[in-house]
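In what follows, a structure is listed as structure tokens, so that the remarks can point back to it.
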Amino acid sequence: MNKNQILVPLNNNSYEVTIKQGLVNSIGEELNRIGINKDRKILIVSNQEISNLFGEKILRNLKKNNFYAEIFNIKAGESYKNLATLSDIYNAAFEIGLDRNSLIIALGGGIVGDVAGFAAATWLRGIEYIQIPTTLLSMVDSSVGGKTAVNHPKGKNLIGAFYQPKAVLIDPETLATLPSREFKAGMAEVIKYGIIKDKVLFEYLESEKNRNKILNLENESLIQIINNSIRTKAIIVSQDEKENGVRAILNYGHSFGHVIENLCGYGEYLHGEAISIGMKIAGDIATEKNLWLKEDSLRQNNLIESYGLPTQTPKIKKNEVITILMGDKKVRDGKMRFILPKEIGKVDIFNDIEESQFLKYFD
Ligand code: GLY
């Protein structure tokens, strides 16, 4: 395994994440390398925009390598991450005759990955799938770890399964076509890894020279931050695949991020923007509780802002915050479960945060 291949070690379903420049041009060769037989039908689930960019190229390459594949596009956007879209994928799977030996490839961002992964988890009681993430957020977070889901009208990701991919294939060159706002939103998850577990990554991100390289999409630095992020995720997921404990630290900044996404409407804030604000609030609570130094809190906030991400909490009413957190089952008896930083590179799970300690950040 070379240094840009990362093993996600799990009991029965370990897999490799491969990060390679230009990989999207040689998916057939990658499938050969990981031992996918030619006789397996492949359904590539994507969306129109991503298909337009990479679909034809991938199909041509698969054909050249004697694989049979078809693309099925789902509609882009959080509002389509639902049972109707899932049902459309099942219809496509039926039409092309996906059997238990077939393979699904998720080609796109987090929504495509989550829905296609859940389709794979459930079609014929589960067939193999491969993630080819094309956004920074899905590269460093959602494509790794096996969380698959669709939304229910009552809440995000309420219907889903832990179902690990057979492999994750990442080409940082696909980020060249990603809108800059989305790239920056993905940086929020990278910064998150720095705070929860990787001080070296945090310091790498702090350097102005590195920031310029990253924001200019220089491949070497992109590979480095993606690699470091996934290494941390792989360690955490392998310790707690189904989030019974330590995996929750991956949700640093997400509780209030989720509140903001929910109350301001999905789309007003991108996920990464909302969790940037969530990390700022978590940092402020930790400062008040004397868990970490004020200067670390400022370093965190400066880093977030230096990547063009927001830290200002929007106007949201206290009672609405409580309603959302109750829905998330994060509030129990007026106390909340929360991930708070203790220093840069170290967080902990706290079950005893009083409502008054976090409601003051809202109206
Ligand atoms: N995105 C958080 C997790 O995979 O657990």
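Naming scheme: A, B, ... for chains in displayed order of the structure tokens; residues 1 onward per chain; ligands 1 onward as shown.
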Could you name the residues that touch Thr287 in chain A at 12 Å or less, counting only C-alpha atoms, but leaving out those on the same chain fewer than 5 positions away, as an mmCIF file with N, CA, C and O atoms, in the first residue's frame?
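Result went into around.cif, see below:
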```
data_model
loop_
_atom_site.group_PDB
_atom_site.id
_atom_site.type_symbol
_atom_site.label_atom_id
_atom_site.label_comp_id
_atom_site.auth_asym_id
_atom_site.auth_seq_id
_atom_site.Cartn_x
_atom_site.Cartn_y
_atom_site.Cartn_z
ATOM 1 N N LYS A 280 -17.549 27.248 16.244
ATOM 2 C CA LYS A 280 -17.290 28.497 16.989
ATOM 3 C C LYS A 280 -18.078 28.467 18.311
ATOM 4 O O LYS A 280 -17.535 28.785 19.379
ATOM 5 N N ILE A 281 -19.358 28.063 18.246
ATOM 6 C CA ILE A 281 -20.174 28.032 19.475
ATOM 7 C C ILE A 281 -19.592 27.006 20.459
ATOM 8 O O ILE A 281 -19.434 27.277 21.651
ATOM 9 N N ALA A 282 -19.230 25.835 19.946
ATOM 10 C CA ALA A 282 -18.652 24.795 20.822
ATOM 11 C C ALA A 282 -17.382 25.320 21.480
ATOM 12 O O ALA A 282 -17.145 25.111 22.677
ATOM 13 N N TRP A 292 -10.618 24.774 27.595
ATOM 14 C CA TRP A 292 -9.433 25.091 26.802
ATOM 15 C C TRP A 292 -9.134 26.574 26.900
ATOM 16 O O TRP A 292 -9.939 27.347 27.434
ATOM 17 N N LEU A 293 -7.959 26.943 26.396
ATOM 18 C CA LEU A 293 -7.519 28.322 26.535
ATOM 19 C C LEU A 293 -8.249 29.231 25.548
ATOM 20 O O LEU A 293 -8.546 28.813 24.424
ATOM 21 N N LYS A 294 -8.487 30.442 25.987
ATOM 22 C CA LYS A 294 -9.128 31.415 25.094
ATOM 23 C C LYS A 294 -8.312 31.573 23.813
ATOM 24 O O LYS A 294 -8.845 31.725 22.714
ATOM 25 N N GLU A 295 -6.997 31.483 23.977
ATOM 26 C CA GLU A 295 -6.144 31.682 22.801
ATOM 27 C C GLU A 295 -6.327 30.537 21.786
ATOM 28 O O GLU A 295 -6.245 30.739 20.581
ATOM 29 N N ASP A 296 -6.620 29.324 22.264
ATOM 30 C CA ASP A 296 -6.902 28.215 21.331
ATOM 31 C C ASP A 296 -8.223 28.439 20.605
ATOM 32 O O ASP A 296 -8.366 28.144 19.414
ATOM 33 N N SER A 297 -9.185 28.976 21.349
ATOM 34 C CA SER A 297 -10.478 29.271 20.752
ATOM 35 C C SER A 297 -10.316 30.293 19.626
ATOM 36 O O SER A 297 -10.871 30.139 18.530
ATOM 37 N N LEU A 298 -9.495 31.313 19.896
ATOM 38 C CA LEU A 298 -9.257 32.337 18.867
ATOM 39 C C LEU A 298 -8.528 31.753 17.662
ATOM 40 O O LEU A 298 -8.835 32.071 16.519
ATOM 41 N N GLN A 300 -8.750 28.709 16.618
ATOM 42 C CA GLN A 300 -9.754 27.955 15.854
ATOM 43 C C GLN A 300 -10.577 28.900 14.981
ATOM 44 O O GLN A 300 -10.744 28.676 13.774
ATOM 45 N N LEU A 340 -16.921 18.922 23.009
ATOM 46 C CA LEU A 340 -16.227 20.191 23.279
ATOM 47 C C LEU A 340 -14.709 19.989 23.221
ATOM 48 O O LEU A 340 -14.197 18.934 23.611
ATOM 49 N N PRO A 341 -14.002 21.025 22.749
ATOM 50 C CA PRO A 341 -12.545 20.904 22.662
ATOM 51 C C PRO A 341 -11.875 21.122 24.017
ATOM 52 O O PRO A 341 -12.336 21.923 24.832
ATOM 53 N N LYS A 342 -10.758 20.396 24.227
ATOM 54 C CA LYS A 342 -9.965 20.588 25.449
ATOM 55 C C LYS A 342 -8.634 21.252 25.102
ATOM 56 O O LYS A 342 -8.035 21.925 25.910
ATOM 57 N N GLU A 343 -8.189 20.971 23.904
ATOM 58 C CA GLU A 343 -7.030 21.673 23.340
ATOM 59 C C GLU A 343 -7.075 21.429 21.841
ATOM 60 O O GLU A 343 -7.922 20.661 21.360
ATOM 61 N N GLN A 357 -26.074 27.297 29.317
ATOM 62 C CA GLN A 357 -24.701 27.460 28.827
ATOM 63 C C GLN A 357 -24.629 27.606 27.298
ATOM 64 O O GLN A 357 -23.630 28.061 26.781
#
```
Might you pull out every residue within 9 Å of His258 in chain A, with only C-alpha atoms counted and same-chain residues fewer than 5 positions away left off, and present them as a list in words?
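My list of contacting residues is Gly253, Leu263, His271, Ala274, Ile275, Gly278, Ile324 and Leu325 of chain A.
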Generate the output file for the selected residues, N, CA, C and O atoms, as a CSV table (one decimal), in the first residue's frame.
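Writing done, so here's again-v8.csv:
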```
chain,number,residue,atom,x,y,z
A,253,GLY,N,-19.1,20.3,16.3
A,253,GLY,CA,-19.7,21.4,15.6
A,253,GLY,C,-21.0,21.1,14.9
A,253,GLY,O,-21.6,22.0,14.3
A,263,LEU,N,-33.1,25.5,10.8
A,263,LEU,CA,-33.9,26.7,11.0
A,263,LEU,C,-33.7,27.8,10.0
A,263,LEU,O,-34.6,28.6,9.8
A,271,HIS,N,-23.6,22.9,4.4
A,271,HIS,CA,-23.4,22.1,5.6
A,271,HIS,C,-22.1,22.6,6.3
A,271,HIS,O,-22.0,22.8,7.5
A,274,ALA,N,-22.5,25.9,8.1
A,274,ALA,CA,-23.2,25.7,9.3
A,274,ALA,C,-22.4,25.1,10.4
A,274,ALA,O,-22.4,25.5,11.6
A,275,ILE,N,-21.6,24.1,10.1
A,275,ILE,CA,-20.7,23.5,11.2
A,275,ILE,C,-19.6,24.4,11.6
A,275,ILE,O,-19.1,24.3,12.7
A,278,GLY,N,-21.1,26.2,14.2
A,278,GLY,CA,-21.3,25.3,15.3
A,278,GLY,C,-20.0,25.1,16.0
A,278,GLY,O,-19.9,25.0,17.3
A,324,ILE,N,-35.3,21.8,18.0
A,324,ILE,CA,-34.5,21.0,17.1
A,324,ILE,C,-33.6,20.0,17.8
A,324,ILE,O,-33.5,18.8,17.5
A,325,LEU,N,-33.0,20.5,18.9
A,325,LEU,CA,-32.1,19.6,19.7
A,325,LEU,C,-32.9,18.5,20.3
A,325,LEU,O,-32.4,17.4,20.4
```
Produce as a short mmCIF file (atom, residue, chain, number, x, y, z; two decimals) with C-alpha atoms, in the first residue's frame the set of residues near ligand 1, where near means within 9 Å with only C-alpha atoms and all ligand atoms considered.
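Just written: result-v2.cif:
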```cif
data_model
loop_
_atom_site.label_atom_id
_atom_site.label_comp_id
_atom_site.auth_asym_id
_atom_site.auth_seq_id
_atom_site.Cartn_x
_atom_site.Cartn_y
_atom_site.Cartn_z
CA ASP A 141 -16.12 12.73 5.37
CA SER A 142 -19.23 11.11 3.94
CA SER A 143 -17.65 8.65 1.48
CA VAL A 144 -15.67 6.98 4.27
CA GLY A 145 -17.26 5.19 7.20
CA GLY A 146 -20.32 3.52 5.74
CA LYS A 147 -23.07 5.91 6.83
CA GLU A 189 -14.63 19.28 7.85
CA LYS A 233 -11.60 9.18 10.18
CA ILE A 236 -12.14 6.58 14.66
CA VAL A 237 -14.48 4.49 12.50
CA GLU A 241 -18.08 1.53 13.42
CA LYS A 242 -21.70 2.05 14.51
CA GLU A 243 -21.27 5.17 16.62
CA ARG A 247 -17.30 8.08 16.64
CA ALA A 248 -19.54 10.85 17.98
CA ILE A 249 -16.49 13.14 18.09
CA LEU A 250 -16.71 13.30 14.29
CA ASN A 251 -19.84 15.35 14.94
CA TYR A 252 -17.88 18.20 16.51
CA HIS A 254 -22.55 19.48 14.06
#
```
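Of the residues under consideration (A:Val115, A:Leu205, A:Ala167, A:Met1), A:Val115 shows the shortest atom-to-atom contact distance to Tyr80 in chain A when counting only C-alpha atoms.
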Assign secondary structure with DSSP using the backbone only, and return the residues of range 40-283 of chain A in strand (DSSP E or B) as a PyMOL selection string.
chain A and resi 41-47+68-74+103-108+128-133+147-152+155-162+167-170+266+269
Excluding same-chain residues fewer than 5 positions from Leu83 in chain A, what lies within 8 Å of it counting only C-alpha atoms, as a tab-separated table (two decimals) with all heavy atoms, in the first residue's frame?
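After the write, part.tsv holds the following:
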```tsv
chain	number	residue	atom	x	y	z
A	150	VAL	N	-31.33	8.07	3.58
A	150	VAL	CA	-32.16	9.09	2.93
A	150	VAL	C	-32.90	9.84	4.05
A	150	VAL	O	-32.97	9.37	5.19
A	150	VAL	CB	-33.19	8.50	1.93
A	150	VAL	CG1	-32.50	7.88	0.73
A	150	VAL	CG2	-34.12	7.48	2.59
A	151	ASN	N	-33.43	11.01	3.70
A	151	ASN	CA	-34.17	11.80	4.69
A	151	ASN	C	-35.62	11.34	4.76
A	151	ASN	O	-36.16	10.78	3.81
A	151	ASN	CB	-34.14	13.28	4.31
A	151	ASN	CG	-32.72	13.83	4.26
A	151	ASN	OD1	-31.83	13.32	4.94
A	151	ASN	ND2	-32.51	14.86	3.45
A	152	HIS	N	-36.25	11.60	5.90
A	152	HIS	CA	-37.68	11.38	6.10
A	152	HIS	C	-38.28	12.77	6.29
A	152	HIS	O	-37.57	13.66	6.77
A	152	HIS	CB	-37.86	10.50	7.36
A	152	HIS	CG	-39.28	10.18	7.68
A	152	HIS	ND1	-40.07	11.02	8.43
A	152	HIS	CD2	-40.05	9.11	7.36
A	152	HIS	CE1	-41.28	10.48	8.54
A	152	HIS	NE2	-41.29	9.32	7.90
```
Just asking: which residues within range 102-234 of chain A are helix (DSSP H, G or I) according to DSSP, as a PyMOL selection string?
chain A and resi 110-125+136-142+172-177+180-196+199-206+208-215+219-234
Nearest residue to Ile304 in chain A from the set A:Met279, A:Ile285, A:Lys317, A:Lys57 (distances using only C-alpha atoms)
A:Met279
My list of candidates is A:Thr313, A:Ser306, A:Asn227, A:Ser221. Which is closest to Glu261 in chain A when distances are computed with only C-alpha atoms?
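Nearest to Glu261 in chain A: A:Thr313.
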Separation of CA of Tyr163 in chain A and CA of Ala120 in chain A, in Å?
8.4 Å
Who sits within 12 Å of Ser180 in chain A, only C-alpha atoms, same chain under 5 positions skipped, as a VMD selection string
chain A and resid 135 to 136 175 185 to 187 214 to 217 307 to 309
Could you tell me which of A:Glu16, A:Gly272, A:Tyr68, A:Thr311 comes closest to Gly110 in chain A if we count only C-alpha atoms?
A:Gly272
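Using only C-alpha atoms, the smallest distance between any of A:Phe350, A:Phe54, A:Tyr361, A:Phe202 and Glu173 in chain A comes from A:Phe54.
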For Val259 in chain A, the nearest of the candidates A:Thr174, A:Ser207, A:Asn319, A:Asn12, counting only C-alpha atoms:
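Counting only C-alpha atoms, the residue closest to Val259 in chain A is A:Asn319.
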